[in-house]
Each structure stands twice: as C-alpha cells, then as structure tokens.
Amino acid sequence: MAKLRLDKLKPLVALGVFLIAWWIMPPVIKSFLKISFTEFQAPSWVVSSYLEDIQGFWARRSHSKIELIEAGRELARKKAYYQYIAQRNESLEAEVDRLESILHMPTRREFRYEVARVVRRDLSAWWQQIIIRKGRDYNIPEGAAVIFSSGVVGRVVEVNAFTSRIELVTSPNFRMAATFETDGRPVIYQGVVQSGFGRATGSVNDAPQDIIANSQAPLKLVSTSLGGTFPPGLTIGTVSWLEPGSTGIFQAGEVTLDERLLSLHEVSVLIPLNPLELNNDVP
Amino acid sequence: MSQFDVHKGENPRILLFLWLVIASAGVLIIGLAWSQLIATNEFKELEKRQTERRILKPGPRGDIYDRNGNLLVGNRPHYSAAVYLDDLRKEFRKEFVTVRNEADATLLQVFQETPIDERPDKPPIANRSDCAWTARMNVIQRYVDQINQITGRSDTLSQSKVMRHFNEKLLLPLPLAEDLSPDHYARLIEQLHPKNSPIQIHTDTARYYPYGSAASHTIGYVQNVNPDADEIPSDGIKTFTFKKKRGKTGLERSFDESLSGSTGTEMWRVDPLGFQDTRLKMSPPKQGKDLITSIDIDLQIAAETALGERTGAVVAIDVRTGEILTIASHPNYDLNDLSPFIPRTTFNEINERGAWLNRTLQLSYPPGSTFKLITSIAGLRAGIFDTETTHDCQGVYRLGNRIFRCHARYGHRITDLAAAIEGSCNVFYYSEGLNMGIDVISAEAKRFGLDQKTGIEVPYETSRLVVPTKDWKREHIGAGWVPGDTANTAIGQGFLLVTPLQMATVIASIARGETRTIPTLKALSREEGMQVNHGGEPIGLTQKQYQKLWEGMQRVVSPDGTGRLIQIDGLPIAGKTGTADFRAHGKDVNLAWFIGFAPANNPQIAVAVMVEGTKSSDSFHGGSTAGPVAKDVFLKFIDKYPERAGFPTARE
C-alpha cells in the first residue's frame, strides 16, 4: 500500500484555511482590504497610462515638421469652427434663460466638466467598465454622468483616491431613463451582455406602441433629465427596430451604440454644481 | 468451540421473518410498479398540481377612435415599483433572527425583573409567527422608504395588504408604489441598480383620454377587477391573476368583450414553499380590438364648448345613417381623473355636481314646444286640421274654468300651421290638441318611438319614458284623464317625458320623412350606411302637408322665428324651439330646447339641444339659450363637411 502523502494536501489545506478565514472575517476588514487592494493597484494603472502618454508623445515627435504644420492648421480651422459654435451656443443659452425666466420655468441642473484620461478597460461579456485617471482628488462624485464627444459613456460607480470606475453604457448593470429624440415619453435603456464581436448594443424597453423604427430611418435615443443624472439630449444610440414586448402593448428593441465606446481614451465627467438631493429635490 | 457463529443452513425460526420480508418487499415492488407504470398519469397530474403555478396576465384593452381616426381612448403606461417576495427571502430570514433575538431578550428582561414567586418556570419566548411578520414588514418598509426617498412620495404599506398578498398572490410582484409619474419612474430607473436592487419597475397600462372630459359619459370608464372564475382554467393548477380592466359604463362597458385583450399565461415550477423556480411556458397577452365610433370629436368639442358650464345635453345625428356625431352631457368629468382608479374624493366631487348622470339618455324631461311637431303630424294625418286651418290667438285659451296661456302675451293673432310652428303658438295647439284628443297624440308619439328606448350602444338608457294615455294616468296617477291634460300634452308639457337622444332621433326621422331612427355609436362604412334600415315607416303626409310643416320649421330659423339666433348665412336650417317647466329634486327647473336639421333642402345632420336652467335665469328660452349651442354645432359641421352642408369647396 502506497504511503499517504499528507504533505501533498498542504496547498489545499492552506486554501481551505484562507477561505474560512475570509468567510469569518468581519465585513469592515474585508471592505478595508478590498479598498486598499484597489488603492495599491491603482498607481500601477496610472503609471502605465502615463507611460502610454509618453509613448504617444514620442510617436508624435517622429512626425515631420510639414505634417505638424498641416495638423496645426487643421487644428486652427477646427478651433475657429468650435469657437463659432461656442459663441452661438452662448447666445442660444442666453435666449433659453430669458425664455425660461419669462415662463417661470424651474432652473435646470448645471454641470461642470472634468475631462479625464482612460487608464484601463475591463471589458468582458458580462461587465463593461473603464477606469479613469481622476478620483477624489478632483472631487469626482459617485453616480456622476460620464460622456464623450458622441454622447453617453456611462456612470461613475466607484471613486478612489486617484481613479474612478465607470460602468459603461454597454454593461448589463447600466440602466437609465431615455427618450426618443422626437418624443418626450420616457423609456428604459439598459445595456446587455455583449457578444464580443460586432458593434456594441443595448436594449430599449417600454417604448410606446405608436413609435415606429426601421433601418431606413433609425430613431435616435437620447438622455432625459427626468432621471436626475444626465442632462437632456445626449445621444445614447440609434434604434433600428422595435417589436411588441411581453406586456402586449409596449415595444422593445435593440439600440446600436457608438463603436468608439470600447476604445475610449478620454471622457468627461459631468459634475453637478447643485448635487441631486433625493430627499428635497423631488421631481 | 468456535469463536464465531457458523451458518448452519436453514433455520426454521428465522424462515418466518424471511417470508415476511419477501412479502413486504413484494408489496412495495408491486406498489412501485403500480405507481410508476400504471398510475403514471394520475401521479403526473398530482405532481403538476403540487409544483406548477399559473400566472394570468390580462392583455391591454383596444383603443377607441372617433370617425376620423382621432384617438379618444388609448393606453398610457402605468408605472409601479414592486418586489417579488421570493427575492427578499434571505433578508426576511436575517431580519427574523434579529427581531426574534430582540423580542426574546425583551421578554427575558421582563422575566428577570419579575419577582421569583410570580414568574413562570421558564422564561417565555416570543411568538415566532409574529416575529416573522414583523421581520417581513420591516424589510418591505425599508424598500418603501427607499422609493419614497428617491421620489419624494410618502407611500406606506399596510400589514394586512402584505399578508393578503403573501397568502393569495405569492408569485405576483407586490406593488410598493403605484401610479408613478414619468418623473418618478425615470428617477427610480436611474437610482436603483438593475441587478442589485430587488425593486423592479413594472409597466402596465392605464386608460388614457386625450380629450379629457369630451364625451365622457358616452366613452365611459373602466374598473380594475379580478377575473371571473370561469376565466381561470379548472385543471387544478393553482392560478394567480393580475387584475383586469372591465368596462364600467359607456362604450367601455357595451363593447367590453371586443375591447378586452386576450390574457397571457405564464407557467412556473415552484419550490416546496411556493416561491418561483423555473418558468416553464409563456404566452404574451394581446391587445383587444380597436373600436371606431361614429363620434366626430371636433363637433363634440364644439358642442361641449358651446354648452360651457351649463347643465344640459346635445345630440347630433347623421340624418341618413343614424350615426351619432355628437353626444354631450353637462356637467361632465375628466376621464383621466378616473384612471387608473377613482379616488374617493374625486367620486364624491363628481357626485355632488350631479355629473355622473348622462343627461342625453339617463334622464327624461318634458320636451316642451318641440313636441308640437308630433302634435302637428298627428293632426294632419288624422285629418283634424289641414294646411289652411287657422286660429285667432289672443294670448289665452279658456277651457272650462281654466285659462291656458300662450307665451305671446297679446297673442299671435291669426295663425295657420306654419305660423303656429314659427311662433310656437300654444293656443293653436291647445285648440287642435283638444280637437284630436289624447289618443291620437299618444299614438303619433308612440309611432315615433317616444315610449321606447332608442337601443343605442350605451348602457343605462332610462326606461322612465312617458307618453301619457288615459289608461296610463289611471294606472300611475290614480285619476281620470281631463281635457286640460290633453291641452298640456299637445304643447309637450304635462306628463310627457322624453330624453334628448329620443328628440334627436325624432327630428332626424322627420328630416328623412320617416318615423324611426336607430341611433348608433359605431362608425359605418359607406356600404353599411347605404343599407341602414331604421325600421320605421313613412310619416304619411301629403306633399302639401309636408311643405307646410317644412315651411313652419324653416320659419322658426328665420328673422321672425323663435330660433332666429340660429340662422347661418347659406345654410337653410329647419327646426323647433321649446321651453318647458320641470320640477326635479324639489327644484323648479326651466328647460330650453332646440331640435333641428340642416340643410333643410337636403338634410344631413340633426341636432337636439336641451339646457337646464332655474326659474331665475334671465331670458331663458329655447331659441336664445339652446339655439346658439345648436348653431355652433352647425357651424362646425360646415367647417368639417362643407360639401354635405351644401357649401362650395375649394375643389369645386
């Protein structure tokens, strides 16, 4: 009979002890360990992202002067264009403020923008998160809306000292109130499990029956201010089809999202200037 | 001697047990074979009944449209926040332990503080069932509070409601907050985590009325009810049902069957405690059929706007088909206030205003002078008077010791039939009414169906319709018929009671030269409209008699007629005004009537208007009070259907 090699069981015993210890450990310590782990891990992500920036910097240094001059010109043209747009927006905003004061409309939530670099992407079928290079050091609040040039990116779900975790709009754990651009009635947008191939998608539910979408004229799904997190009118995606949902009257459909969502480098966090007070600031 | 027992072959003493064991095993094997091979179906059914649950979800109701495709009744989202109790079981258990420990500790403290000689042998323990309910309520209330915090509402949930839900609808979601506004709905969607929070946002439907109070009595409202027992399959599988909407009044009630959607079914396998485990089958609910009504919402709004705050009724009918174009009763109520349920304060407020009553068909009134058209037709048909007959109206008519007055104080002087209609001369009709007698008048009124319900597709049409006869008075009043009764009946007063809807059918029938009009609220196709048979007979007047009657009705809406305010340039209108006295609920009420049709030379639309007023109302008269309401309806008719009104169109 072979001699029982108890020493071979050592790793299993160690694992068992560790699991039992973790199981009986007080939640406070568990939480502390988890946060500490993230905080200790974060600098490596931040360093890695800075290294990427340096890499990008040197890559751009290799361009010829002619290319740089051309890029500078292009940049100047764009800047001029955006300056014009900004001026027009300013005058429109003033006009909107004037009309709102005449109509005694309630003031809208104002936001300030905090632009942040993406340092890491955690993308799988079930979770879709990114980590940005700003956290409590820039007063990023939990629950804040995150956007990019083409619309909604997601929502801040965790804020650390120097980084923040963003739940992407593609994630099944992300849900928000939305409206179709030409319709004021609220619908539900929710991310879905991503296939990993093709474009990112989400789902829309509770769409009224009279809304018709087709691939020739896809409907634009935009954010609504009703939910309290996002300002109105930000693009979420487009809806090419709607079909009767399980209620027998409301429709459900697929939302095609911007393909750049999964390769973002820079995003803006919208920080409310007057934070939402759930107790007092009722709809 | 061997240290061990050695088997010595058969031992007779244990053989008995051997056979007993074999027999018992045989019984078990046969039982097993019986249950597994022969009684399979029976046990399958039993297993199914024990482990399967059915959820029935009624389909949304169909929409209701007006004749031009405008949505009168639709379905709006009805948002609610709910939890499946199954999702809270872990929290229930955790909370139960806390509650039980606290309760036991309290009892132990009381026990210890009690003097030894008074205390029981053992410390008492808390009632476990009470602890379980307290724990459940604590958990549920926490989620209600969370919803309140996000929405700013102040909802609460009673223990009795939770207990009822727990015992009767365990598989259905427990509503924590109902009828959420779109704002609340949006906030909850964003503030609650879709996966981590057990609170789910449910979207159901509630009836939605884009035109608010327009045609409220006719459209009707729905009530949330539990499905009937016969709607639930009787296969023994426990079934949970969501409440369905059932038409309570109006078209919602009359067309309930077709408007109701088909019920969706979900089959669930449940665990031994009854909580859901796996969904086995799902068929979605389907929306009910749409209903296209004959109502023209623009005409309806014109009529209701013209009625304003006054109490009254307006009915407009398509003369040819009997389709109801407008049917308004005031005071009315905003149907949106009754959806998804009727708050008690709203019910009481509507009740106090008397707005629940549909005055077009649920209440009956004396028709006043509008009835003179029936009296005229009766007299002409019976040969009691002819087109040349005249009377000298001096403002009063003496009958025995009683004096019956004409509303023209100094009389209408010499009046023939057309002039009597134009001026609504009572003296002419007192005299001719007495000549023809009540039997002739009653028979004519009955020929026009005034003693019968119209049969319109709206429930609760009153049966308190009175076309008085000698027998009727003897039976109901207990007195004999006197000539004064005939005189009063001839001018539409006395015991006569009709509904505004009936008078609309009467004037539509006269416009067509027939005795009956079957009103309908269903929009008819062109072919159906051509084939409508109202089931009456021709009025039976000679051409000359018709002309005289028409002349009288047109002179009513002429510069000297009682309906002069109704005149519209280019639209010949024929009609009759009326004013009647009425006593209702101990109050004297004046009634202003107008019935008429247009164009007089090619009748397309017939209108009946009745407005209630008090004795103190100034210048209360059919022509000046009810007439302008009818005029607004005619004007809108010209606007909507210029060709039918005989007006040139841009195409022409």
# chains A, B, ... in the order shown; residues from 1 in each chain; ligands from 1
>>> select_by_dssp(residues="segment 68-221 of chain A", states="alpha helix (DSSP H)", output="NGL selection string")
:A and (68-102)
>>> residues_around(residues="segment 577-594 of chain B", least_positions_apart="3", cutoff="7 Å", atoms="only C-alpha atoms", output="number ranges by chain")
B: 366-370, 493, 562-563, 608-615, 620-623, 625-627
>>> closest_residue(among="B:Trp472, B:Trp550, B:Tyr79, B:Tyr209", to="chain A", atoms="only C-alpha atoms")
B:Tyr79
>>> closest_atom_pairs(of="chain B", to="chain A", cutoff="7 Å", atoms="only C-alpha atoms", output="CSV")
residue,atom,partner,partner_atom,distance
B:Gly59,CA,A:Gly248,CA,6.3
B:Pro60,CA,A:Ile249,CA,6.6
B:Gln149,CA,A:Asn279,CA,5.4
B:Ile150,CA,A:Leu278,CA,5.1
B:Thr151,CA,A:Val282,CA,5.9
B:Gly152,CA,A:Val282,CA,5.2
B:Pro182,CA,A:Pro186,CA,6.6
B:Asp183,CA,A:Leu226,CA,5.2
B:His184,CA,A:Pro283,CA,6.8
B:Ala186,CA,A:Gly227,CA,4.5
B:Arg187,CA,A:Gly227,CA,4.0
B:Ile189,CA,A:Met176,CA,5.9
B:Glu190,CA,A:Met176,CA,4.8
B:Pro194,CA,A:Asn173,CA,6.0
B:Lys195,CA,A:Asn173,CA,6.2
B:Pro284,CA,A:Ser246,CA,5.5
B:Pro285,CA,A:Gly248,CA,5.1
B:Lys286,CA,A:Gly248,CA,5.0
B:Gln287,CA,A:Gly248,CA,6.1
>>> closest_residue(among="A:Glu254, A:Asp7, A:Glu167, A:Asp183", to="Asn214 of chain A", atoms="only C-alpha atoms")
A:Glu254
>>> residues_around(residues="segment 106-122 of chain A", least_positions_apart="2", cutoff="9 Å", atoms="only C-alpha atoms", output="PyMOL selection string")
chain A and resi 45-50+97+100-101+104+124+127-134+138+140+163+225+228+231+262-276
>>> residues_around(residues="Thr389 of chain B", least_positions_apart="2", cutoff="12 Å", atoms="only C-alpha atoms", output="count of residues only")
23
>>> residues_around(residues="Lys636 of chain B", least_positions_apart="3", cutoff="12 Å", atoms="only C-alpha atoms", output="number ranges by chain")
B: 296-303, 305-306, 316, 325-326, 568, 605, 629-633, 639-642, 645
>>> atom_distance(atom1="atom CA of Ser44 of chain A", atom2="atom CA of Val153 of chain A")
24.0 Å
>>> residues_around(residues="Leu242 of chain A", least_positions_apart="5", cutoff="6 Å", atoms="only C-alpha atoms", output="MDAnalysis selection string")
chainID A and resid 251:253
